[in-house]
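What's in start_10.cif: mmCIF, C-alpha atoms
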```cif
data_coords
#
loop_
_atom_site.group_PDB
_atom_site.id
_atom_site.type_symbol
_atom_site.label_atom_id
_atom_site.label_comp_id
_atom_site.auth_asym_id
_atom_site.auth_seq_id
_atom_site.Cartn_x
_atom_site.Cartn_y
_atom_site.Cartn_z
ATOM 1 C CA MET A 506 102.209 51.055 140.459
ATOM 2 C CA PRO A 507 99.149 52.695 141.936
ATOM 3 C CA ILE A 508 99.576 51.903 145.621
ATOM 4 C CA LYS A 509 96.245 51.837 147.413
ATOM 5 C CA ILE A 510 96.717 53.781 150.649
ATOM 6 C CA GLN A 511 94.299 54.561 153.438
ATOM 7 C CA ASN A 512 93.316 58.211 153.121
ATOM 8 C CA ASP A 513 94.811 59.251 156.464
ATOM 9 C CA LEU A 514 97.949 57.088 156.606
ATOM 10 C CA PRO A 515 100.837 59.485 157.436
ATOM 11 C CA ALA A 516 103.008 58.027 154.666
ATOM 12 C CA ARG A 517 100.540 59.318 152.088
ATOM 13 C CA ALA A 518 101.606 62.972 152.330
ATOM 14 C CA ILE A 519 105.299 62.067 152.101
ATOM 15 C CA LEU A 520 104.807 59.909 149.025
ATOM 16 C CA GLU A 521 102.614 62.496 147.325
ATOM 17 C CA SER A 522 105.344 65.106 147.826
ATOM 18 C CA GLU A 523 107.759 62.728 146.040
ATOM 19 C CA ASN A 524 105.369 62.290 143.109
ATOM 20 C CA VAL A 525 104.900 58.598 143.890
ATOM 21 C CA PHE A 526 101.807 57.218 142.176
ATOM 22 C CA ILE A 527 99.326 56.458 144.943
ATOM 23 C CA MET A 528 95.593 55.918 144.896
ATOM 24 C CA ASP A 529 93.026 56.626 147.566
ATOM 25 C CA GLU A 530 90.451 54.095 148.631
ATOM 26 C CA ALA A 531 87.592 55.667 146.668
ATOM 27 C CA ARG A 532 89.498 55.663 143.371
ATOM 28 C CA ALA A 533 90.787 52.132 143.899
ATOM 29 C CA SER A 534 87.305 50.778 144.537
ATOM 30 C CA SER A 535 86.103 52.239 141.214
ATOM 31 C CA GLN A 536 88.599 50.151 139.200
ATOM 32 C CA ASP A 537 87.404 46.769 138.020
ATOM 33 C CA ILE A 538 90.618 44.907 138.888
ATOM 34 C CA ARG A 539 91.800 42.858 141.816
ATOM 35 C CA PRO A 540 94.741 44.463 143.620
ATOM 36 C CA LEU A 541 97.596 42.326 144.845
ATOM 37 C CA GLU A 542 97.139 41.724 148.564
ATOM 38 C CA ILE A 543 100.465 42.237 150.348
ATOM 39 C CA LEU A 544 100.844 41.590 154.082
ATOM 40 C CA ILE A 545 103.649 43.547 155.767
ATOM 41 C CA LEU A 546 104.800 42.196 159.131
ATOM 42 C CA ASN A 547 106.487 45.320 160.479
ATOM 43 C CA LEU A 548 108.964 44.423 163.217
ATOM 44 C CA MET A 549 110.937 47.677 163.018
ATOM 45 C CA PRO A 550 110.588 50.079 165.973
ATOM 46 C CA LEU A 551 109.922 53.218 163.867
ATOM 47 C CA LYS A 552 106.968 51.735 162.056
ATOM 48 C CA GLU A 553 105.846 54.854 160.200
ATOM 49 C CA ASP A 554 109.303 55.260 158.641
ATOM 50 C CA THR A 555 109.288 51.633 157.513
ATOM 51 C CA GLU A 556 105.780 51.976 156.080
ATOM 52 C CA THR A 557 106.911 54.884 153.903
ATOM 53 C CA GLN A 558 110.089 53.108 152.799
ATOM 54 C CA LEU A 559 108.291 49.937 151.763
ATOM 55 C CA LEU A 560 105.429 51.723 150.031
ATOM 56 C CA ARG A 561 107.974 53.726 148.054
ATOM 57 C CA ALA A 562 109.784 50.523 147.093
ATOM 58 C CA LEU A 563 106.554 48.896 145.879
ATOM 59 C CA SER A 564 105.531 51.833 143.680
ATOM 60 C CA ASN A 565 107.160 51.069 140.334
ATOM 61 C CA THR A 566 105.031 48.601 138.372
ATOM 62 C CA PRO A 567 101.583 49.080 136.754
ATOM 63 C CA LEU A 568 100.048 46.595 139.205
ATOM 64 C CA GLN A 569 97.656 47.788 141.872
ATOM 65 C CA VAL A 570 98.775 46.848 145.386
ATOM 66 C CA GLU A 571 96.910 46.928 148.675
ATOM 67 C CA CYS A 572 98.983 46.565 151.846
ATOM 68 C CA THR A 573 97.847 45.206 155.196
ATOM 69 C CA TYR A 574 100.136 45.984 158.155
ATOM 70 C CA MET A 575 100.629 43.479 160.928
ATOM 71 C CA ILE A 576 102.334 43.536 164.335
ATOM 72 C CA MET A 577 103.109 40.829 166.830
ATOM 73 C CA SER A 578 100.466 40.596 169.554
ATOM 74 C CA THR A 579 103.091 39.179 171.945
ATOM 75 C CA HIS A 580 105.257 42.302 171.757
ATOM 76 C CA GLU A 581 104.435 45.836 172.894
ATOM 77 C CA SER A 582 105.713 48.513 170.532
ATOM 78 C CA THR A 583 107.027 51.571 172.406
ATOM 79 C CA HIS A 584 108.274 53.712 169.495
ATOM 80 C CA THR A 585 104.975 54.074 167.635
ATOM 81 C CA SER A 586 101.819 55.588 169.085
ATOM 82 C CA ALA A 587 99.061 53.259 170.195
ATOM 83 C CA SER A 588 96.553 55.282 168.156
ATOM 84 C CA HIS A 589 98.534 54.633 164.957
ATOM 85 C CA LEU A 590 98.823 50.917 165.686
ATOM 86 C CA ASN A 591 95.158 50.589 166.595
ATOM 87 C CA LYS A 592 94.067 52.388 163.441
ATOM 88 C CA PHE A 593 96.341 50.864 160.796
ATOM 89 C CA TYR A 594 97.584 47.500 162.123
ATOM 90 C CA VAL A 595 96.167 44.025 162.581
ATOM 91 C CA THR A 596 97.445 41.004 164.489
ATOM 92 C CA PHE A 597 97.869 37.446 163.267
ATOM 93 C CA GLN A 598 94.561 36.461 164.833
ATOM 94 C CA ASP A 599 92.856 38.995 162.545
ATOM 95 C CA VAL A 600 94.318 37.540 159.325
ATOM 96 C CA LYS A 601 95.080 33.879 160.025
ATOM 97 C CA ASN A 602 92.094 32.740 157.955
ATOM 98 C CA ARG A 603 92.976 34.996 155.012
ATOM 99 C CA ARG A 604 95.329 34.369 152.077
ATOM 100 C CA PHE A 605 97.741 36.884 150.596
ATOM 101 C CA ASP A 606 99.534 37.228 147.294
ATOM 102 C CA GLY A 607 102.734 38.383 148.944
ATOM 103 C CA MET A 608 104.215 39.070 152.350
ATOM 104 C CA ILE A 609 107.164 41.103 153.627
ATOM 105 C CA ILE A 610 108.784 40.330 156.975
ATOM 106 C CA THR A 611 110.975 43.263 158.000
ATOM 107 C CA GLY A 612 114.134 43.374 160.035
ATOM 108 C CA ALA A 613 114.119 43.937 163.802
ATOM 109 C CA PRO A 614 116.640 45.312 166.328
ATOM 110 C CA VAL A 615 116.986 42.010 168.179
ATOM 111 C CA GLU A 616 119.781 40.355 166.231
ATOM 112 C CA LEU A 617 122.192 40.088 169.176
ATOM 113 C CA MET A 618 119.647 37.951 171.000
ATOM 114 C CA GLU A 619 119.242 34.254 170.380
ATOM 115 C CA TYR A 620 116.080 33.651 168.370
ATOM 116 C CA GLU A 621 114.474 31.760 171.238
ATOM 117 C CA GLU A 622 115.098 34.737 173.549
ATOM 118 C CA VAL A 623 112.995 37.106 171.422
ATOM 119 C CA ASN A 624 109.685 37.527 173.201
ATOM 120 C CA TYR A 625 107.612 37.079 170.040
ATOM 121 C CA TRP A 626 109.636 34.193 168.558
ATOM 122 C CA GLU A 627 106.944 31.560 169.074
ATOM 123 C CA GLU A 628 104.356 33.779 167.423
ATOM 124 C CA LEU A 629 106.738 34.579 164.574
ATOM 125 C CA LYS A 630 107.363 30.853 164.036
ATOM 126 C CA THR A 631 103.607 30.380 163.734
ATOM 127 C CA VAL A 632 103.394 33.183 161.174
ATOM 128 C CA MET A 633 106.309 31.835 159.114
ATOM 129 C CA GLU A 634 104.789 28.351 159.050
ATOM 130 C CA TRP A 635 101.383 29.805 158.122
ATOM 131 C CA SER A 636 103.000 31.735 155.253
ATOM 132 C CA ARG A 637 103.938 28.467 153.530
ATOM 133 C CA SER A 638 100.266 27.687 152.856
ATOM 134 C CA HIS A 639 98.636 31.140 152.898
ATOM 135 C CA VAL A 640 101.068 33.365 150.971
ATOM 136 C CA THR A 641 102.238 32.974 147.371
ATOM 137 C CA SER A 642 105.686 34.492 148.003
ATOM 138 C CA THR A 643 107.305 35.911 151.141
ATOM 139 C CA MET A 644 110.207 38.357 151.127
ATOM 140 C CA HIS A 645 112.311 38.425 154.319
ATOM 141 C CA LEU A 646 114.500 41.468 155.066
ATOM 142 C CA CYS A 647 117.717 41.645 157.152
ATOM 143 C CA TRP A 648 116.993 40.049 160.580
ATOM 144 C CA GLY A 649 113.758 38.766 159.063
ATOM 145 C CA ALA A 650 115.896 36.968 156.452
ATOM 146 C CA GLN A 651 118.152 35.481 159.116
ATOM 147 C CA ALA A 652 115.144 34.382 161.155
ATOM 148 C CA GLY A 653 113.483 32.841 158.102
ATOM 149 C CA LEU A 654 116.601 30.919 157.090
ATOM 150 C CA TYR A 655 116.953 29.669 160.653
ATOM 151 C CA TYR A 656 113.326 28.608 161.044
ATOM 152 C CA HIS A 657 112.815 27.042 157.619
ATOM 153 C CA TYR A 658 116.291 25.577 157.037
ATOM 154 C CA GLY A 659 118.112 25.556 160.389
ATOM 155 C CA ILE A 660 120.790 27.971 159.109
ATOM 156 C CA PRO A 661 122.485 29.764 162.048
ATOM 157 C CA LYS A 662 123.540 33.377 162.346
ATOM 158 C CA TYR A 663 126.926 34.523 163.630
ATOM 159 C CA LYS A 664 127.939 37.652 165.492
ATOM 160 C CA ARG A 665 130.316 39.866 163.547
ATOM 161 C CA GLU A 666 133.415 41.364 165.147
ATOM 162 C CA GLU A 667 132.030 44.838 164.442
ATOM 163 C CA LYS A 668 128.765 46.230 163.138
ATOM 164 C CA LEU A 669 128.334 46.175 159.373
ATOM 165 C CA SER A 670 127.038 49.610 158.431
ATOM 166 C CA GLY A 671 127.267 51.385 155.120
ATOM 167 C CA ILE A 672 126.735 51.028 151.383
ATOM 168 C CA TYR A 673 128.392 47.959 149.904
ATOM 169 C CA THR A 674 129.043 46.700 146.386
ATOM 170 C CA HIS A 675 127.432 43.384 145.414
ATOM 171 C CA ARG A 676 127.843 41.126 142.407
ATOM 172 C CA THR A 677 124.949 39.584 140.495
ATOM 173 C CA LEU A 678 125.526 35.828 140.259
ATOM 174 C CA ASP A 679 122.733 34.657 137.944
ATOM 175 C CA ARG A 680 120.864 37.175 135.814
ATOM 176 C CA LYS A 681 118.810 34.420 134.141
ATOM 177 C CA VAL A 682 116.766 34.054 137.300
ATOM 178 C CA PRO A 683 113.757 36.409 136.850
ATOM 179 C CA LEU A 684 114.341 38.058 140.239
ATOM 180 C CA MET A 685 117.653 39.397 138.886
ATOM 181 C CA ARG A 686 116.447 40.630 135.494
ATOM 182 C CA SER A 687 117.747 44.104 134.583
ATOM 183 C CA PHE A 688 120.335 44.023 137.386
ATOM 184 C CA ASP A 689 123.786 45.354 136.542
ATOM 185 C CA ASP A 690 126.856 43.174 137.060
ATOM 186 C CA THR A 691 127.453 45.058 140.315
ATOM 187 C CA PHE A 692 125.123 47.173 142.443
ATOM 188 C CA HIS A 693 125.017 48.978 145.793
ATOM 189 C CA CYS A 694 122.823 48.335 148.818
ATOM 190 C CA PRO A 695 122.719 49.504 152.462
ATOM 191 C CA HIS A 696 123.504 47.144 155.332
ATOM 192 C CA SER A 697 123.080 47.758 159.044
ATOM 193 C CA ARG A 698 123.598 44.704 161.241
ATOM 194 C CA TYR A 699 125.740 43.006 163.871
ATOM 195 C CA THR A 700 125.194 39.436 162.669
ATOM 196 C CA GLU A 701 125.322 37.430 159.454
ATOM 197 C CA VAL A 702 124.458 34.156 157.826
ATOM 198 C CA ARG A 703 127.309 32.521 155.938
ATOM 199 C CA GLU A 704 127.602 31.227 152.422
ATOM 200 C CA GLU A 705 128.978 27.826 153.395
ATOM 201 C CA ASP A 706 125.880 27.085 155.502
ATOM 202 C CA ILE A 707 123.491 28.090 152.714
ATOM 203 C CA LEU A 708 125.353 25.950 150.174
ATOM 204 C CA LYS A 709 124.524 22.876 152.246
ATOM 205 C CA HIS A 710 120.913 23.296 151.103
ATOM 206 C CA PRO A 711 120.438 22.493 147.397
ATOM 207 C CA GLU A 712 116.903 23.886 147.543
ATOM 208 C CA LEU A 713 118.372 27.369 148.093
ATOM 209 C CA LYS A 714 120.179 29.514 145.528
ATOM 210 C CA ILE A 715 122.459 32.490 146.251
ATOM 211 C CA LEU A 716 121.712 35.205 143.693
ATOM 212 C CA ALA A 717 123.982 38.038 144.856
ATOM 213 C CA ARG A 718 126.843 38.507 147.293
ATOM 214 C CA SER A 719 129.399 41.061 148.397
ATOM 215 C CA GLU A 720 133.092 40.610 149.152
ATOM 216 C CA GLU A 721 132.685 42.871 152.196
ATOM 217 C CA ALA A 722 129.100 42.282 153.280
ATOM 218 C CA GLY A 723 128.738 38.600 152.408
ATOM 219 C CA VAL A 724 125.578 36.926 151.130
ATOM 220 C CA PHE A 725 122.929 39.417 150.050
ATOM 221 C CA LEU A 726 120.136 37.622 148.211
ATOM 222 C CA VAL A 727 118.930 34.020 148.568
ATOM 223 C CA MET A 728 115.879 32.345 147.046
ATOM 224 C CA ASN A 729 114.323 28.911 147.303
ATOM 225 C CA ARG A 730 113.802 27.090 144.040
ATOM 226 C CA ASP A 731 110.211 28.157 143.343
ATOM 227 C CA GLY A 732 110.540 31.740 144.606
ATOM 228 C CA SER A 733 108.003 31.298 147.395
ATOM 229 C CA GLN A 734 110.688 32.333 149.910
ATOM 230 C CA ILE A 735 113.144 35.167 149.245
ATOM 231 C CA PHE A 736 115.756 36.269 151.776
ATOM 232 C CA VAL A 737 117.467 39.676 151.569
ATOM 233 C CA GLN A 738 120.300 40.163 154.065
ATOM 234 C CA GLY A 739 120.282 43.938 153.719
ATOM 235 C CA HIS A 740 118.050 46.990 153.540
ATOM 236 C CA PRO A 741 117.239 47.911 149.918
ATOM 237 C CA GLU A 742 114.225 49.872 151.182
ATOM 238 C CA TYR A 743 116.310 52.313 153.253
ATOM 239 C CA ASP A 744 115.977 56.045 152.555
ATOM 240 C CA ARG A 745 118.891 58.297 151.754
ATOM 241 C CA MET A 746 119.124 59.459 155.376
ATOM 242 C CA THR A 747 118.322 56.246 157.293
ATOM 243 C CA LEU A 748 121.931 55.232 157.990
ATOM 244 C CA ASN A 749 122.656 58.847 158.906
ATOM 245 C CA ALA A 750 119.854 58.812 161.481
ATOM 246 C CA GLU A 751 121.136 55.528 162.924
ATOM 247 C CA TYR A 752 124.704 56.818 163.138
ATOM 248 C CA HIS A 753 123.784 60.062 164.916
ATOM 249 C CA ARG A 754 121.365 58.223 167.208
ATOM 250 C CA ASP A 755 124.134 55.878 168.353
ATOM 251 C CA LEU A 756 126.575 58.784 168.595
ATOM 252 C CA ASN A 757 124.201 60.673 170.883
ATOM 253 C CA ARG A 758 123.859 57.550 173.024
ATOM 254 C CA GLY A 759 127.617 57.530 173.591
ATOM 255 C CA LEU A 760 128.135 54.264 171.689
ATOM 256 C CA ASP A 761 131.059 55.580 169.622
ATOM 257 C CA PRO A 762 129.809 54.087 166.331
ATOM 258 C CA ALA A 763 132.061 53.812 163.285
ATOM 259 C CA LEU A 764 131.110 55.930 160.282
ATOM 260 C CA PRO A 765 128.951 54.022 157.804
ATOM 261 C CA LYS A 766 131.301 52.893 155.038
ATOM 262 C CA ASN A 767 131.032 54.261 151.496
ATOM 263 C CA TYR A 768 128.128 56.474 152.589
ATOM 264 C CA TYR A 769 129.086 60.109 153.175
ATOM 265 C CA ASP A 770 130.950 62.248 150.684
ATOM 266 C CA HIS A 771 134.490 62.653 152.047
ATOM 267 C CA ASP A 772 133.293 60.806 155.205
ATOM 268 C CA ASP A 773 131.622 64.001 156.395
ATOM 269 C CA PRO A 774 128.802 62.892 158.745
ATOM 270 C CA PHE A 775 127.086 66.264 158.385
ATOM 271 C CA SER A 776 126.857 66.075 154.590
ATOM 272 C CA ILE A 777 123.891 64.783 152.590
ATOM 273 C CA PRO A 778 124.888 61.297 151.383
ATOM 274 C CA PRO A 779 124.389 60.410 147.709
ATOM 275 C CA LEU A 780 121.561 58.004 146.909
ATOM 276 C CA THR A 781 123.098 55.137 144.926
ATOM 277 C CA TRP A 782 120.769 52.151 145.459
ATOM 278 C CA ARG A 783 117.221 53.340 144.598
ATOM 279 C CA ASN A 784 117.187 51.885 141.071
ATOM 280 C CA MET A 785 118.386 48.534 142.405
ATOM 281 C CA ALA A 786 115.686 48.509 145.079
ATOM 282 C CA ASN A 787 112.971 49.414 142.587
ATOM 283 C CA THR A 788 114.105 46.644 140.252
ATOM 284 C CA LEU A 789 114.216 44.060 143.038
ATOM 285 C CA TYR A 790 110.724 44.779 144.325
ATOM 286 C CA CYS A 791 109.307 45.134 140.808
ATOM 287 C CA ASN A 792 110.726 41.746 139.778
ATOM 288 C CA TRP A 793 109.445 40.125 142.953
ATOM 289 C CA LEU A 794 105.921 41.466 142.498
ATOM 290 C CA ASN A 795 105.777 40.626 138.815
ATOM 291 C CA PHE A 796 107.492 37.252 138.512
ATOM 292 C CA TYR A 797 106.926 35.681 141.930
ATOM 293 C CA VAL A 798 103.619 37.184 142.990
ATOM 294 C CA TYR A 799 101.492 38.422 140.073
ATOM 295 C CA GLN A 800 102.527 35.737 137.563
ATOM 296 C CA VAL A 801 102.035 32.906 140.042
ATOM 297 C CA THR A 802 99.229 33.825 142.419
ATOM 298 C CA PRO A 803 95.688 32.655 141.562
ATOM 299 C CA TYR A 804 93.063 35.252 140.720
ATOM 300 C CA ASP A 805 90.949 33.681 143.424
ATOM 301 C CA LEU A 806 93.254 33.544 146.450
ATOM 302 C CA TYR A 807 91.166 30.813 148.008
ATOM 303 C CA LYS A 808 91.842 28.402 145.160
ATOM 304 C CA GLU A 809 95.070 26.451 144.981
ATOM 305 C CA PRO A 810 97.782 28.295 142.985
ATOM 306 C CA SER A 811 98.979 27.051 139.617
ATOM 307 C CA PRO A 812 101.633 24.322 139.896
ATOM 308 C CA GLU A 813 103.751 26.198 137.354
ATOM 309 C CA VAL A 814 106.585 28.033 139.064
ATOM 310 C CA ILE A 815 109.445 30.228 137.891
#
```
Represent the supplied structure as structure tokens.
Amino acid sequence: MPIKIQNDLPARAILESENVFIMDEARASSQDIRPLEILILNLMPLKEDTETQLLRALSNTPLQVECTYMIMSTHESTHTSASHLNKFYVTFQDVKNRRFDGMIITGAPVELMEYEEVNYWEELKTVMEWSRSHVTSTMHLCWGAQAGLYYHYGIPKYKREEKLSGIYTHRTLDRKVPLMRSFDDTFHCPHSRYTEVREEDILKHPELKILARSEEAGVFLVMNRDGSQIFVQGHPEYDRMTLNAEYHRDLNRGLDPALPKNYYDHDDPFSIPPLTWRNMANTLYCNWLNFYVYQVTPYDLYKEPSPEVI
């Protein structure tokens, strides 16, 4: 997929070095096609890292994609420079009258707080409600998935006895659903969280379908019946070294973290961990963009979408 990237976005140089197919603004404007408009609500503290991870994950179909980055106006980000946020990010007030083909709501390091204690929860509720009428399909990641399931369906989260961190094996439950096309019977994905939503609570909602789960990590992938809401309780977008950075960060803070499971060769935290989930992540994002965004969204975003759903 030719990802349309602002010429001076820092992620551009990283993706070019990885031979990811990107397109600058001048080249994109010369093509007589409408790119998919994807809104990324970036709640992660290291926003530039998350930008790169998500752009990489969206780079594997022939569709042209243009991303708009959004932050919460009711929360002050302290881990990303104000100049970067001012240059590349918008707030909900800037986009509330626009429509988007797709939206991604990222995770956030607030999972041990009650939702109502999060200082931007009211604004996030407004955004999630707005997404129902202004976005063709929304993908929620990790805490974003828990928050979405709680807001839309009243499904609670539970604190785990210990942090779930590592690479876990998951089983595909229904490959006939287009989101799961080309998935193997089992696949790996990173998790990094202290809380979880539980299968028995999701099963109380017939409008939701569990598409993949793990014996160790629990529910991984949930979708509503028309694919307009997708919930991923994990981090398929993570880089090879993301869990490593989190582990050593917590170690340096004196938190005595457990080693991420199934991550390092021979459990050596100074080794380079093998990358075992990139194909799964590419397939997931490709299927989402193709079957639940591109095939469903209207060419004119300001017309009502087709009633046909997958």
>> List the spatial neighbours of Leu794 (chain A) as a PyMOL selection string - criterion: any atom at most 12 Å away, only C-alpha atoms, same-chain residues fewer than 2 positions off excluded.
In response: chain A and resi 506+540-543+562-570+606-609+641-644+683-684+732-733+735+787-792+796-802
> When you draw a straight line from CA of Tyr743 (chain A) to CA of Phe605 (chain A), how long is it in Å?
Replying inline: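 Separation between CA of Tyr743 (chain A) and CA of Phe605 (chain A): 24.3 Å.
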> Taking all atoms listed in the file into account, which of A:Ala652, A:Cys572, A:Leu544, A:Val737 comes nearest Arg603 (chain A)?
Replying inline: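 So, comparing all the options, the nearest one is A:Leu544.
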> On this structure, which residues satisfy the PyMOL selection byres ((chain A and resi 706-714) around 6), written as a list in words?
Replying inline: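 Applied to this file, the PyMOL selection byres ((chain A and resi 706-714) around 6) returns Arg703, Glu704, Glu705, Ile715, Val727, Met728, Asn729 and Arg730 of chain A.
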>> Would you compute the distance between CA of Ile777 (chain A) and CA of Asn749 (chain A)? Give it in Å to one decimal.
In response: 8.8 Å
>> I'd like the neighbourhood of Arg718 (chain A) as an NGL selection string, where a residue qualifies if any of its atoms comes within 12 Å (using only C-alpha atoms), though same-chain residues fewer than 6 positions away should be ignored.
In response: :A and (673-679 or 690-694 or 702-704 or 724-727 or 737-739)
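Rounded to one decimal, CA of Ala613 (chain A) and CA of Ala750 (chain A) lie 16.1 Å from each other.
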Expand the PyMOL selection byres ((chain A and resi 671) around 6) into the individual residues it matches in the shown file, reporting them as a PDB file with C-alpha atoms, in the coordinates of the input.
```
ATOM      1  CA  SER A 670     127.038  49.610 158.431  1.00  0.00           C
ATOM      2  CA  ILE A 672     126.735  51.028 151.383  1.00  0.00           C
ATOM      3  CA  PRO A 695     122.719  49.504 152.462  1.00  0.00           C
ATOM      4  CA  HIS A 696     123.504  47.144 155.332  1.00  0.00           C
ATOM      5  CA  PRO A 765     128.951  54.022 157.804  1.00  0.00           C
ATOM      6  CA  LYS A 766     131.301  52.893 155.038  1.00  0.00           C
ATOM      7  CA  ASN A 767     131.032  54.261 151.496  1.00  0.00           C
ATOM      8  CA  TYR A 768     128.128  56.474 152.589  1.00  0.00           C
TER       9      TYR A 768
END
```
>> With all atoms listed in the file as the counted atoms, please give the residues lying no more than 9 Å from Thr555 (chain A), apart from itself and same-chain residues fewer than 5 positions off, as a PyMOL selection string.
In response: chain A and resi 547+549-550+560+611+742-743
>> Give me, as a list of chain:residue names, all polymer residues having an atom no more than 9 Å from Ile576 (chain A), counting only C-alpha atoms and skipping those fewer than 5 positions away in the same chain.
In response: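 Surrounding residues, per the criterion: A:Ile545, A:Leu546, A:Asn547, A:Leu548, A:Ser582, A:Leu590, A:Tyr594, A:Val595, A:Thr596, A:Phe597.
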Go through region 668-698 of chain A residue by residue and, counting all atoms listed in the file, keep those with an atom at most 12 Å from region 616-629 of chain A; for each kept residue give the shortest atom pair and its distance in Å to one decimal, ordered by chain and increasing number, as a Markdown table.
```
| residue | atom | partner | partner_atom | distance |
| --- | --- | --- | --- | --- |
| A:Lys668 | CA | A:Leu617 | CA | 10.8 |
| A:Ser697 | CA | A:Glu616 | CA | 10.8 |
| A:Arg698 | CA | A:Glu616 | CA | 7.6 |
```
>> Once the PyMOL selection byres ((chain A and resi 744) around 10) has been evaluated on this model, what residues remain selected, and can you format them as an MDAnalysis selection string?
In response: chainID A and resid 554:555 557:559 561:562 695 740:743 745:749 780 782:783
Would you compute an axis-aligned box for region 599-611 of chain A, covering every atom listed for it in the file with 6 Å of margin on each side, and report centre and edge lengths in Å to one decimal as JSON?
```
{"center_x": 101.5, "center_y": 38.0, "center_z": 154.9, "size_x": 30.9, "size_y": 22.5, "size_z": 27.3}
```
> Which one is closest to Phe775 (chain A): A:Tyr656, A:Tyr752, A:Tyr574, A:Trp793? Count only C-alpha atoms.
Replying inline: A:Tyr752
>> Taking 3 positions as the minimum chain separation for residues in the same chain, which residues sit within 7 Å of Thr700 (chain A) when counting all atoms listed in the file? Answer as a PyMOL selection string.
In response: chain A and resi 616+662-665
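If you measure from each of A:Arg539, A:Lys552, A:Arg604, A:Lys592 to Leu806 (chain A) using all atoms listed in the file, the closest one turns out to be A:Arg604.
If only C-alpha atoms are the atoms counted, then among A:His639, A:Thr579, A:Gln734, A:Met685 the closest residue to Leu654 (chain A) is A:Gln734.
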Rebuild region 761-773 of chain A to N, CA, C and O atoms - output it as an mmCIF file, in the frame of the given file, please.
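Just written: part36.cif:
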```cif
data_model
loop_
_atom_site.group_PDB
_atom_site.id
_atom_site.type_symbol
_atom_site.label_atom_id
_atom_site.label_comp_id
_atom_site.auth_asym_id
_atom_site.auth_seq_id
_atom_site.Cartn_x
_atom_site.Cartn_y
_atom_site.Cartn_z
ATOM 1 N N ASP A 761 129.852 55.442 170.435
ATOM 2 C CA ASP A 761 131.059 55.580 169.622
ATOM 3 C C ASP A 761 130.984 54.722 168.354
ATOM 4 O O ASP A 761 131.867 53.888 168.083
ATOM 5 N N PRO A 762 129.944 54.911 167.534
ATOM 6 C CA PRO A 762 129.809 54.087 166.331
ATOM 7 C C PRO A 762 130.827 54.474 165.267
ATOM 8 O O PRO A 762 131.264 55.622 165.187
ATOM 9 N N ALA A 763 131.219 53.519 164.446
ATOM 10 C CA ALA A 763 132.061 53.812 163.285
ATOM 11 C C ALA A 763 131.208 54.486 162.217
ATOM 12 O O ALA A 763 129.993 54.254 162.125
ATOM 13 N N LEU A 764 131.833 55.321 161.401
ATOM 14 C CA LEU A 764 131.110 55.930 160.282
ATOM 15 C C LEU A 764 130.610 54.841 159.337
ATOM 16 O O LEU A 764 131.336 53.876 159.056
ATOM 17 N N PRO A 765 129.386 54.966 158.838
ATOM 18 C CA PRO A 765 128.951 54.022 157.804
ATOM 19 C C PRO A 765 129.903 54.085 156.600
ATOM 20 O O PRO A 765 130.256 55.171 156.137
ATOM 21 N N LYS A 766 130.326 52.937 156.121
ATOM 22 C CA LYS A 766 131.301 52.893 155.038
ATOM 23 C C LYS A 766 130.657 53.250 153.698
ATOM 24 O O LYS A 766 129.504 52.897 153.432
ATOM 25 N N ASN A 767 131.436 53.951 152.876
ATOM 26 C CA ASN A 767 131.032 54.261 151.496
ATOM 27 C C ASN A 767 129.703 55.015 151.436
ATOM 28 O O ASN A 767 128.939 54.860 150.488
ATOM 29 N N TYR A 768 129.453 55.839 152.451
ATOM 30 C CA TYR A 768 128.128 56.474 152.589
ATOM 31 C C TYR A 768 128.199 57.981 152.413
ATOM 32 O O TYR A 768 127.545 58.543 151.531
ATOM 33 N N TYR A 769 128.988 58.650 153.245
ATOM 34 C CA TYR A 769 129.086 60.109 153.175
ATOM 35 C C TYR A 769 130.148 60.536 152.162
ATOM 36 O O TYR A 769 131.195 59.886 152.029
ATOM 37 N N ASP A 770 129.904 61.631 151.488
ATOM 38 C CA ASP A 770 130.950 62.248 150.684
ATOM 39 C C ASP A 770 132.083 62.703 151.595
ATOM 40 O O ASP A 770 131.844 63.410 152.591
ATOM 41 N N HIS A 771 133.294 62.279 151.279
ATOM 42 C CA HIS A 771 134.490 62.653 152.047
ATOM 43 C C HIS A 771 134.352 62.272 153.522
ATOM 44 O O HIS A 771 134.986 62.888 154.393
ATOM 45 N N ASP A 772 133.514 61.274 153.824
ATOM 46 C CA ASP A 772 133.293 60.806 155.205
ATOM 47 C C ASP A 772 132.879 61.939 156.141
ATOM 48 O O ASP A 772 133.198 61.930 157.336
ATOM 49 N N ASP A 773 132.125 62.873 155.606
ATOM 50 C CA ASP A 773 131.622 64.001 156.395
ATOM 51 C C ASP A 773 130.234 63.650 156.918
ATOM 52 O O ASP A 773 129.256 63.650 156.154
#
```
